[in-house]
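Peer 1: Encoded as structure tokens, here's the structure I'll be asking about.
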Amino acid sequence: MKFWQNELGYYFKNENCLVFFGNTTATAEKIENFYNDLRFRRIKQTHSDIIIAASEQLVEADAHYTDQKKHALLIATADCTPLMIYCRQTHRALAIHAGWRGVQNQITLKALQKLIATGSTDKNFEFFFGPHIMKDSFEVSEDVFLQLEKSQFGLDRSDYASSKNDKFYVDLQAIIFSQIRYVIGKEPSAMTLNLDTKTNELFHSYRRGKMTHERNLSFIAIL
């Protein structure tokens with residue numbers, strides 16, 4: 001499996017789902033025009049650990065899921081991790097906005113537990129990681145590092161962090177992977193773009209853009 005690229009970003013598509021990670025040119029209008037057979041659903045993201053069933057209303061949450069075909073679950077990010085999940089068992093899609101606060105609040109772990117509690121009992125998931133800030137770019141204070149350290153499972157510190165001059169550099173993706181393994185009990189089936197939003201100018205970056213309000217738009221849809 002691999003990601004393909006079009007003028008708006010990167011995507012993966014098979015008979016079950018479509019996953020899309022947009023670049024700086026991918027406005028909501030352009031995405032909706034390009035994928036005009038889909039119905040788009042958004043959430044009001046607040047760096048919470050709230051997970052909801054997808055709704056036509058703009059509800060506060062940072063993850064939403066659906067079993068409705070052709071419903072595209074949008075996520076907006078600018079250094080945070082857009083994580084898309086497909087459940088083979090229940091034919092459901094889940095989209096997660098995982099910033100460092102979401103990682104610290106274990107939103108991925110909680111979202112998977114919610115899917116499992118509502119039918120995904122065989123834990124047969126596919127994971128798709130979009131562009132986000134990578135370890136070498138994600139410099140944090142000791143206070144933030146210590147909060148993130150409590151959210152990982154079974155990793156040595158060298159697996160997800162390094163330090164220099166009282167600053168810490170954290171691999172959020174590694175911590176998210178540890179949360180996934182903790183829930184499903186095995187190595188996940190995952191595709192990762194491994195593109196750093198801080199250094200790659202194809203994507204909006206909150207840190208590089210001096211707290212820009214621009215966002216990268218991503219989605220997953222059941223086909």
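Going through the structure tokens in order, the chains are called A, B, and so on, while each chain numbers its residues from 1 and the ligands are numbered from 1 in the order shown.
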Determine, counting only C-alpha atoms, which protein, DNA and RNA residues have an atom within 7 Å of an atom of Ser120 of chain A; residues of the same chain fewer than 6 positions away are not included. Present the result as a list in words.
Peer 2: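 In the requested format, the answer is Cys87, Gln89 and Thr90 of chain A.
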Peer 1: Tell me, counting only C-alpha atoms, for each residue of segment 193-215 of chain A within 12 Å of segment 170-183 of chain A, which pair of atoms is nearest and how far apart they are in Å to one decimal, in rows ordered by chain and increasing number, as a tab-separated table.
Peer 2:
residue	atom	partner	partner_atom	distance
A:Leu193	CA	A:Gln173	CA	11.1
A:Asn194	CA	A:Gln173	CA	9.2
A:Leu195	CA	A:Gln173	CA	11.5
A:Asp196	CA	A:Asp171	CA	11.3
Peer 1: Could you pull out the alpha helix (DSSP H) residues of segment 7-169 of chain A, going by DSSP on the backbone, and write them as a ChimeraX atom specification?
Peer 2: /A:28-34,100-104,107-117,142-149,157-160
Peer 1: Got a sec: who's within 9 Å of Ile52 of chain A, counting only C-alpha atoms, leaving out chain neighbours fewer than 5 positions off, as a count of residues only?
Peer 2: 8
Peer 1: Find the residues near segment 20-23 of chain A: any atom within 10 Å, counting only C-alpha atoms, skip ones fewer than 6 places away on the same chain, and give them as an NGL selection string.
Peer 2: :A and (3-13 or 31 or 72 or 74-77 or 82-84 or 128-131 or 193 or 197 or 201-204 or 215-221)
Peer 1: Nearest to Ser189 of chain A among A:Arg42, A:Arg92, A:Lys150, A:Lys123, with distances taken over only C-alpha atoms: which residue is it?
Peer 2: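 The shortest atom-to-atom distance to Ser189 of chain A comes from A:Lys123.
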